[in-house]
Structure formats: C-alpha cells, structure tokens
2 protein chains.
Amino acid sequence: MENRKQSILRAVVKEFTTSAVPVGSQALQSRYFVNLSSATIRSELAELADLGYLAQPHTSAGRVPTDSGYRYFVDFLMDVEAVPDNVSLFIREELRQAPADVQGMVEKVAMTLAAVTQNASVASAPHGTQARVKHVDLVSLEPTEVLLILLLEGNLLRQQVLKVADAATQPELSTLAVRLNATLGGKASDEVRRSYESAALGLDKELLGTIVAALDQYEKGSESLVVHDGVRNLLRQPEFAESIRLQQVLEVLEETRYLTVLLRELIGESDMQIVIGSENASSQLQGCAVVLTTYGPSNRLKGVLGVIGPTRMAYSQTVARLQAVALGASERMAELGV
Amino acid sequence: MENRKQSILRAVVKEFTTSAVPVGSQALQSRYFVNLSSATIRSELAELADLGYLAQPHTSAGRVPTDSGYRYFVDFLMDVEAVPDNVSLFIREELRQAPADVQGMVEKVAMTLAAVTQNASVASAPHGTQARVKHVDLVSLEPTEVLLILLLEGNLLRQQVLKVADAATQPELSTLAVRLNATLGGKASDEVRRSYESAALGLDKELLGTIVAALDQYEKGSESLVVHDGVRNLLRQPEFAESIRLQQVLEVLEETRYLTVLLRELIGESDMQIVIGSENASSQLQGCAVVLTTYGPSNRLKGVLGVIGPTRMAYSQTVARLQAVALGASERMAELGV
DNA sequence: TGCGCGCGCCCGGCTGGGCAGAGTGCTGAA
DNA sequence: TTCAGCACTCTGCCCAGCCGGGCGCGCGCA
C-alpha cells in the first residue's frame with residue numbers, strides 16, 4: 001500500500017479511537033494533512049473503503065475503521081508507544097503491594113492492568129504443561145478425612161480433601177507423607193502415573209490415584225483460576241451505552257469455565273496476540289478486541305494476561321502497558337516465589 | 001394503617017416488581033380488587049402517596065413505591081415465600097460441587113446466589129476474630145530459602161518464602177515442622193504471639209515471628225476476601241438500561257476495599273438485613289436494594305452474603321433464597337471443614 | 001496521471017406540532 | 001363511604017420539515 005494511504009489509515013484509526021465519531025475528510029485535512037485538499041483525502045478514503053479497511057455507518061457519514069482496518073493498523077502501522085514514567089511507577093508500586101499467594105497476586109495483576117489500560121482485564125494463574133511435585137503433605141481433618149496438600153513447581157499449592165476408608169492418625173499420615181515425598185519429589189504427573197500403575201511402592205494405591213487425578217486436573221487447567229476486573233471502565237465507552245453490548249461481554253467474563261477455554265484457545269505460540277472483532281470465535285465478543293500475552297515466574301509456568309475493550313481501543317498504548325504489567329508481574333512472582 | 005390500604009400497597013409493590021411500569025388504579029382494580037371501583041382505589045392511592053409510601057413519576061402517571069413504601073412492605077406486608085423444590089435442589093447440587101478451599105467455596109456460593117436470585121451477589125469469606133493454625137510445614141527450596149506453609153482453620157493455605165541464615169536440609173526442616181505442629185497446632189494468633197514473646201520453646205524466634213506476621217496478615221486479608229457475581233443479571237433490568245446506573249454499582253462491587261467496609265458496616269446484629277435505596281449510606285447505591293445475611297461453618301467463623309439489585313426486587317423471594325443459600329453453604333462448609 | 005475545486009446530492013439527526021392514551025383529581029349523587 | 005362521570009394533564013409517539021456534514025463526481029490544471 002502506498003505511503004500516503006497508510007498515513008491516512010493511521011490517521012483515521014488514531015482520530016476515531018479518541019473521538020469515537022466517524023471521521024470525515026475535512027477533519028483529517030485540517031488536523032493531519034494541511035497540504036492536501038479534502039477532496040484528495042476523500043478519494044483516498046474511498047479507495048481504502050474499497051480495500052475493506054474502512055466503512056461508512058451510512059452514506060455520507062465519516063469513515064470508521066473495519067476489523068480488517070484495525071488488523072492492518074496493528075500489523076503494519078502501529079508504532080509502539082513508550083509507557084510514561086508515572087504509569088510504570090504505578091505498576092511497580094501496585095505489584096509491590098501484591099500478596100504473596102497466587103490468588104492474591106493474580107487479582108492484583110488484573111486490577112493493575114485494568115487500571116492502566118482503562119479497559120477490562122482478565123488474568124489466569126500461571127500453570128505449566130507438566131506439573132512437577134515438589135512436596136506432599138497429608139493433614140488429618142476428621143477421622144476419615146485427610147487433606148492432601150500438593151506443592152507444585154512454582155510454589156503452587158493445591159489442596160484436596162480425601163475421604164479414606166480407614167481412620168488414620170496424624171503421625172501415621174506424616175510417616176506416609178515422608179514416604180510419598182521420597183518417592184514423588186520432583187516427578188511430573190506421567191512419572192507419578194507410572195508409579196501408580198506399577199504400584200510396587202507399597203503406597204496406598206488409592207492415594208496415588210488421587211494425586212495423579214489432582215495433577216491431571218491441575219494440568220488441564222479446568223480448575224485453573226481466572227479473574228477479571230475493570231468492567232466499569234468499559235461502561236465509559238459509547239460502544240457500551242446500550243446495556244445489551246455489555247451484557248454479552250459479561251456473559252463471557254463471568255462464566256469462568258467459558259473464559260478458561262477462551263484463553264486457552266486464543267493464546268498461541270506468539271508472544272502478544274491481538275484478536276479484533278469478528279476474528280473472535282465467540283459471537284459475544286463481536287465488536288470487542290482482545291489483547292493477550294503470557295506471563296509467569298518462569299518459562300515453564302505461564303498464565304495468560306489480557307485486555308478486553310472495544311475494537312476502537314488505543315492498541316499501541318494497550319500493547320505497551322500490557323507488556324509492562326506482564327513483565328512486572330513475572331518479575332514480582334519470581335521474586336516472591338509465587 | 002387500615003387493612004385495605006395495606007392490601008393496596010402490597011398489590012402495588014407486587015405489580016410493580018413484576019411489570020416495572022407505574023401501576024394505575026384501573027390495573028389494580030381489574031387484577032386485585034374487582035369489587036372496588038377504580039375511583040375508590042384512586043383515593044386510597046392518593047392517601048398512600050400523602051403518607052409517603054407511593055410516588056408518581058409525573059402527574060397522571062401510575063404510582064410507584066417509594067423507598068419507605070418498600071420499607072413498609074418488607075417490615076409488615078411481606079409474606080415469606082417458600083423456595084421451590086427445584087431451586088433448593090439446584091442450590092444443593094451447586095454447593096456439592098464446590099471446591100474444598102475458602103476461596104473456591106466463596107466464589108461458588110456467590111455464583112449460586114446470583115443464579116437463584118437473578119441479581120448480583122456478594123460474598124465475603126468467613127473469618128473469625130482469631131485465625132487458628134491447623135498445620136505447619138516447611139519445605140526446603142534453596143539452601144538458604146525455606147517455604148513456610150501454614151494451613152489455617154478453614155483449610156486456608158498460606159505460603160511464604162523465608163530466607164534463613166543457615167542452610168537447612170529437608171529432614172532437619174521436617175523435624176522442626178513436627179515440633180512446630182506439636183506446639184502451635186490449634187492455636188490462634190495471639191497464643192502464637194505469646195509463644196513468640198516468651199520464646200521458651202527452643203524454636204527459632206525469627207520463624208515464629210514470621211508465622212505471627214502471616215497470621216496477622218491472614219486475619220486482615222481474609223476479611224478483605226470479597227467476591228461478587230451476577231452483574232449480568234442486573235443488565236436485564238430496565239433500571240440499568242442507561243449504563244451510568246450500572247457504572248455506579250460496579251464502582252462499588254469492583255472496588256474491593258470499599259465493598260469490605262460496606263459489608264462490615266451494613267451487617268449488624270440482625271440475622272437478615274435489608275437496606276433499601278436511600279437507606280444506603282453510599283450514594284452509588286441509590287436506587288439499589290441490598291439484602292444481607294451471615295453464613296459460615298460455625299458461630300465463630302462468619303462471612304457476609306448479600307444480594308444487590310434494584311429496589312424493585314422480589315424481596316420475599318430474595319430473602320427466602322438468600323437464606324437457603326446461606327444455610328446450605330454453612331452446612332457444606334462445616335462438612336468440608338472449610 | 002495526479003491533484004484541487006466546487007457543485008449537487010444524500011441521509012441521519014434534530015425540532016416542533018399534533019394526537020392518542022393513560023391516569024389522575026374533583027364533584028355530586030346514591 | 002362508595003362510585004360514576006368529567007375535565008385535565010402529562011407522556012410517548014409519529015411525522016413533516018429543516019439542517020448540516022460528508023461524499024461523489026465532473027471539470028480544469030500541471
């Protein structure tokens with residue numbers, strides 16, 4: 001695409017993201033292209049519309065970027081915006097105050113992200129493909145109830161209540177836990193499963209089965225923790241003035257199961273992913289853009305961090321700030337051993 | 001108040017909660033008072049308006065209950081509605097699937113409550129005045145780093161990385177953990193603190209200090225664990241058609257600090273509390289009603305459970321279902337030892 | 001071929017008047 | 001005390017008309 005068309009498309013996107021009203025040739029001429037006439041701009045706009053990058057809400061209204069227009073913008077035209085000092089300071093300060101557990105940390109991260117992007121945010125807890133057992137503990141709750149505590153790689157704690165047939169005292173359980181630690185320490189779920197299948201360890205087979213199940217469940221992420229925040233920010237956007245639009249987004253955000261699947265599907269190999277409007281598989285997110293990246297304390301433990309807003313969002317700012325939050329959160333989590 | 005006025009007020013509230021349009025004398029006459037003329041009803045309505053229980057959006061519109069009208073209704077006129085079998089079944093089933101940790105349980109409770117009341121729900125984690133230590137574990141991470149795992153009453157896991165001066169092996173740490181369990185098991189934070197202050201136990205003083213700090217943080221933190229759900233339900237109500245109304249509610253719900261204070265202030269001695277519209281201290285909740293009760297696994301561990309909706313809410317249904325969820329959750333939590 | 005200029009056109013949004021409907025308040029009679 | 005009738009008032013809705021922004025197109029020029 002010629003340089004001038006690109007500039008005009010960039011100007012349209014920029015103008016529309018701030019004003020939210022269709023942008024006309026005159027506005028562009030007076031604010032961006034003083035040495036071009038509005039008629040020239042009009043013909044360029046018409047061609048951009050032919051290419052599918054711009055659309056008109058109705059004849060003789062200004063132009064609005066289409067989903068492909070935004071796509072072209074983020075792929076080729078977007079210049080990465082530096083994060084202002086006060087914003088990075090704010091991010092650092094917020095994350096510094098985050099509690100040292102996964103849940104609290106993830107919530108704080110989502111909160112911070114929503115605040116700095118002024119959009120809605122989602123965050124899933126970091127989890128690895130292969131969870132390694134670091135430590136096992138068994139605590140007697142009731143005579144026939146035992147709490148299994150699994151410490152996984154990344155200092156992730158998982159807990160599960162087990163019903164056992166025979167009553168076991170705490171000392172008995174502690175002895176068993178020591179044996180389990182010796183056998184399972186450092187093992188990933190498939191190794192634990194082998195132990196389970198061979199069952200030559202003299203360990204309670206049922207217990208091992210439960211541990212395998214807990215690891216599986218953890219790995220599937222079906223139980224994985226997803227939080228969201230900042231829905232109130234969306235309400236400030238004219239796109240969400242009619243409540244139906246927001247309702248659809250909320251259906252996605254509040255339905256955790258659905259959100260988990262969505263995040264897993266969306267996050268691919270790439271480091272930063274932008275999904276715009278109709279590119280979203282789910283019909284509820286038409287008109288919304290989702291910007292996603294990964295974060296986590298280590299390379300093997302990654303969660304998803306994302307921003308959800310109208311397609312008319314300040315992409316370059318969002319990308320930069322999302323990156324800053326992801327980086328800050330990753331560092332902080334590594335530091336805290338979360 | 002005479003009997004007939006009461007019936008008419010009750011009818012107006014009932015009619016308005018379902019239809020959401022101001023109710024006129026003819027609608028009342030045809031649906032509730034066939035043996036009265038609309039003129040008679042009109043004069044009664046006028047008197048109810050004089051008493052401050054009803055208002056007109058404008059002259060020659062139907063009547064709408066005022067906040068005091070709702071107040072009178074819930075105080076004197078409301079008949080408690082039985083919870084349908086399928087709803088109680090749904091509640092039981094949902095709570096049965098709840099995970100065995102506090103966070104997960106609270107989230108499930110909020111979700112269930114939102115589903116059965118078709119309004120927004122809030123839930124704070126049950127917390128006592130004193131957190132009790134149930135189990136302590138120490139895991140060696142690095143030569144000079146130890147992970148302290150605290151299992152507190154309510155199966156709440158806390159973890160913290162400790163830096164220690166002298167390298168300790170896992171067996172050494174396990175032995176220490178056994179000693180700690182024997183000493184601290186079942187103790188609340190002030191008892192731990194006494195142990196800490198007397199320091200006559202031969203235990204590492206620094207370690208005890210960390211445990212005390214973790215308990216303190218927990219006591220503060222668990223109080224602030226507040227979740228909400230069901231905002232999407234509010235969007236179905238015409239009251240929230242203009243997004244500004246919902247925005248105000250979301251400011252309250254998403255600002256956890258604020259919500260914590262709100263719940264603490266609102267929950268008084270009474271078992272079930274209803275706060276209607278202008279009775280709310282916070283200006284953001286004008287036009288909203290909040291129904292609150294307490295729940296928890298024991299008398300010492302209580303959290304707050306609440307429903308937030310428009311003042312035009314089905315109070316008797318909400319109260320009954322809130323009560324059912326609170327009861328079910330309390331039982332389930334006691335059962336799971338959460 | 002690219003650009004600038006100006007004219008005519010088109011369409012959505014706003015405004016103001018008229019109309020129907022719903023609901024009230026009042027009055028007088030049973 | 002109840003009730004029928006009547007006048008009044010206010011809103012919501014519809015429609016016509018105006019307005020203005022923005023475009024498309026044709027023409028002239030380098």
# chains A, B, ... in the order shown; residues from 1 in each chain; ligands from 1

$ interface_residues --of "chain B" --to "chain D" --cutoff "7 Å" --atoms "only C-alpha atoms (C1' of nucleotides)" --output "ChimeraX atom specification"
/B:37,39-40,59-60

$ closest_atom_pairs --of "chain B" --to "chain A" --cutoff "7 Å" --atoms "only C-alpha atoms" --output "CSV"
residue,atom,partner,partner_atom,distance
B:Ala100,CA,A:Gln160,CA,6.5
B:Gln159,CA,A:Asp101,CA,6.7
B:Gln160,CA,A:Ala100,CA,6.7
B:Val161,CA,A:Gly337,CA,6.8
B:Asp229,CA,A:Glu254,CA,7.0
B:Arg232,CA,A:Gln247,CA,5.5
B:Leu235,CA,A:Ser243,CA,6.2
B:Ala241,CA,A:Ser243,CA,5.6
B:Glu242,CA,A:Ala241,CA,6.7
B:Ser243,CA,A:Ala241,CA,5.6
B:Gln247,CA,A:Arg232,CA,5.6
B:Leu250,CA,A:Arg232,CA,5.7
B:Glu251,CA,A:Arg232,CA,6.5
B:Glu254,CA,A:Asp229,CA,7.0

$ write_last_selection --atoms "C-alpha atoms" --output "mmCIF file, in the first residue's frame"
data_model
loop_
_atom_site.group_PDB
_atom_site.id
_atom_site.type_symbol
_atom_site.label_atom_id
_atom_site.label_comp_id
_atom_site.auth_asym_id
_atom_site.auth_seq_id
_atom_site.Cartn_x
_atom_site.Cartn_y
_atom_site.Cartn_z
ATOM 1 C CA ALA B 100 -12.779 -27.513 49.465
ATOM 2 C CA GLN B 159 2.670 -19.699 51.952
ATOM 3 C CA GLN B 160 5.686 -17.558 52.429
ATOM 4 C CA VAL B 161 9.299 -17.804 51.386
ATOM 5 C CA ASP B 229 -21.030 -12.277 40.675
ATOM 6 C CA ARG B 232 -25.016 -9.626 34.061
ATOM 7 C CA LEU B 235 -28.382 -5.692 32.951
ATOM 8 C CA ALA B 241 -30.652 0.347 30.767
ATOM 9 C CA GLU B 242 -28.652 3.559 30.954
ATOM 10 C CA SER B 243 -25.149 2.478 31.645
ATOM 11 C CA GLN B 247 -21.412 2.030 36.403
ATOM 12 C CA LEU B 250 -19.781 -1.583 39.543
ATOM 13 C CA GLU B 251 -17.645 1.052 41.208
ATOM 14 C CA GLU B 254 -15.171 -3.860 41.878
#

$ residues_around --residues "Met333 in chain B" --least-positions-apart "6" --cutoff "8 Å" --atoms "only C-alpha atoms (C1' of nucleotides)" --output "list in words"
Met105, Gly296 and Pro297 of chain B

$ calpha_fit_rmsd --fixed "chain A" --moving "chain B"
1.6 Å

$ residues_around --residues "range 15-26 of chain A" --least-positions-apart "6" --cutoff "10 Å" --atoms "only C-alpha atoms (C1' of nucleotides)" --output "count of residues only"
35

$ atom_distance --atom1 "CA of Gly128 in chain B" --atom2 "CA of Gly303 in chain B"
8.6 Å

$ closest_atom_pairs --of "chain C" --to "chain B" --cutoff "10 Å" --atoms "only C-alpha atoms (C1' of nucleotides)" --output "Markdown table"
| residue | atom | partner | partner_atom | distance |
| --- | --- | --- | --- | --- |
| C:DA22 | C1' | B:Ala61 | CA | 7.3 |
| C:DG23 | C1' | B:Ser60 | CA | 4.6 |
| C:DT24 | C1' | B:Ser60 | CA | 4.8 |
| C:DG25 | C1' | B:Ser43 | CA | 8.9 |

$ select_by_dssp --residues "range 119-208 of chain B" --states "helix (DSSP H, G or I)" --output "list of chain:residue names"
B:Gln170, B:Pro171, B:Glu172, B:Leu173, B:Ser174, B:Thr175, B:Leu176, B:Ala177, B:Val178, B:Arg179, B:Leu180, B:Asn181, B:Ala182, B:Thr183, B:Leu184, B:Ser189, B:Asp190, B:Glu191, B:Val192, B:Arg193, B:Arg194, B:Ser195, B:Tyr196, B:Glu197, B:Ser198, B:Lys205, B:Glu206, B:Leu207, B:Leu208

$ select_by_dssp --residues "range 142-271 of chain A" --states "strand (DSSP E or B)" --output "number ranges by chain"
A: 142, 145-152, 156-163, 188, 226-229, 242

$ atom_distance --atom1 "CA of Val106 in chain B" --atom2 "CA of Val227 in chain A"
13.9 Å

$ residues_around --residues "Val83 in chain A" --least-positions-apart "2" --cutoff "8 Å" --atoms "only C-alpha atoms (C1' of nucleotides)" --output "PyMOL selection string"
chain A and resi 81+85+87-88+317+320-321+324

$ residues_around --residues "Ile276 in chain A" --least-positions-apart "6" --cutoff "8 Å" --atoms "only C-alpha atoms (C1' of nucleotides)" --output "number ranges by chain"
A: 67, 70-71, 287-290, 311

$ write_last_selection --atoms "N, CA and C atoms" --output "short mmCIF file (atom, residue, chain, number, x, y, z; two decimals), in the first residue's frame"
data_model
loop_
_atom_site.label_atom_id
_atom_site.label_comp_id
_atom_site.auth_asym_id
_atom_site.auth_seq_id
_atom_site.Cartn_x
_atom_site.Cartn_y
_atom_site.Cartn_z
N ASP A 67 -12.84 -4.10 10.91
CA ASP A 67 -11.96 -5.01 11.65
C ASP A 67 -10.65 -5.23 10.89
N TYR A 70 -8.41 -2.24 11.37
CA TYR A 70 -7.66 -2.32 12.62
C TYR A 70 -6.53 -3.34 12.50
N ARG A 71 -6.86 -4.44 11.85
CA ARG A 71 -5.86 -5.50 11.68
C ARG A 71 -4.64 -4.97 10.94
N GLY A 287 -17.29 -6.91 18.06
CA GLY A 287 -17.21 -5.52 18.47
C GLY A 287 -16.21 -5.29 19.57
N CYS A 288 -15.63 -6.37 20.06
CA CYS A 288 -14.61 -6.23 21.09
C CYS A 288 -13.27 -6.69 20.55
N ALA A 289 -12.23 -6.10 21.09
CA ALA A 289 -10.89 -6.57 20.76
C ALA A 289 -10.27 -7.14 22.03
N VAL A 290 -9.48 -8.18 21.85
CA VAL A 290 -8.82 -8.81 22.98
C VAL A 290 -7.31 -8.79 22.71
N THR A 311 -13.29 -2.57 19.89
CA THR A 311 -12.28 -2.60 18.82
C THR A 311 -11.64 -1.23 18.66
#

$ residues_around --residues "Val74 in chain A" --least-positions-apart "2" --cutoff "10 Å" --atoms "only C-alpha atoms (C1' of nucleotides)" --output "PyMOL selection string"
chain A and resi 10+68-72+76-80+274+276+315-316+319

$ atom_distance --atom1 "CA of Ser30 in chain B" --atom2 "CA of Ala11 in chain B"
11.7 Å
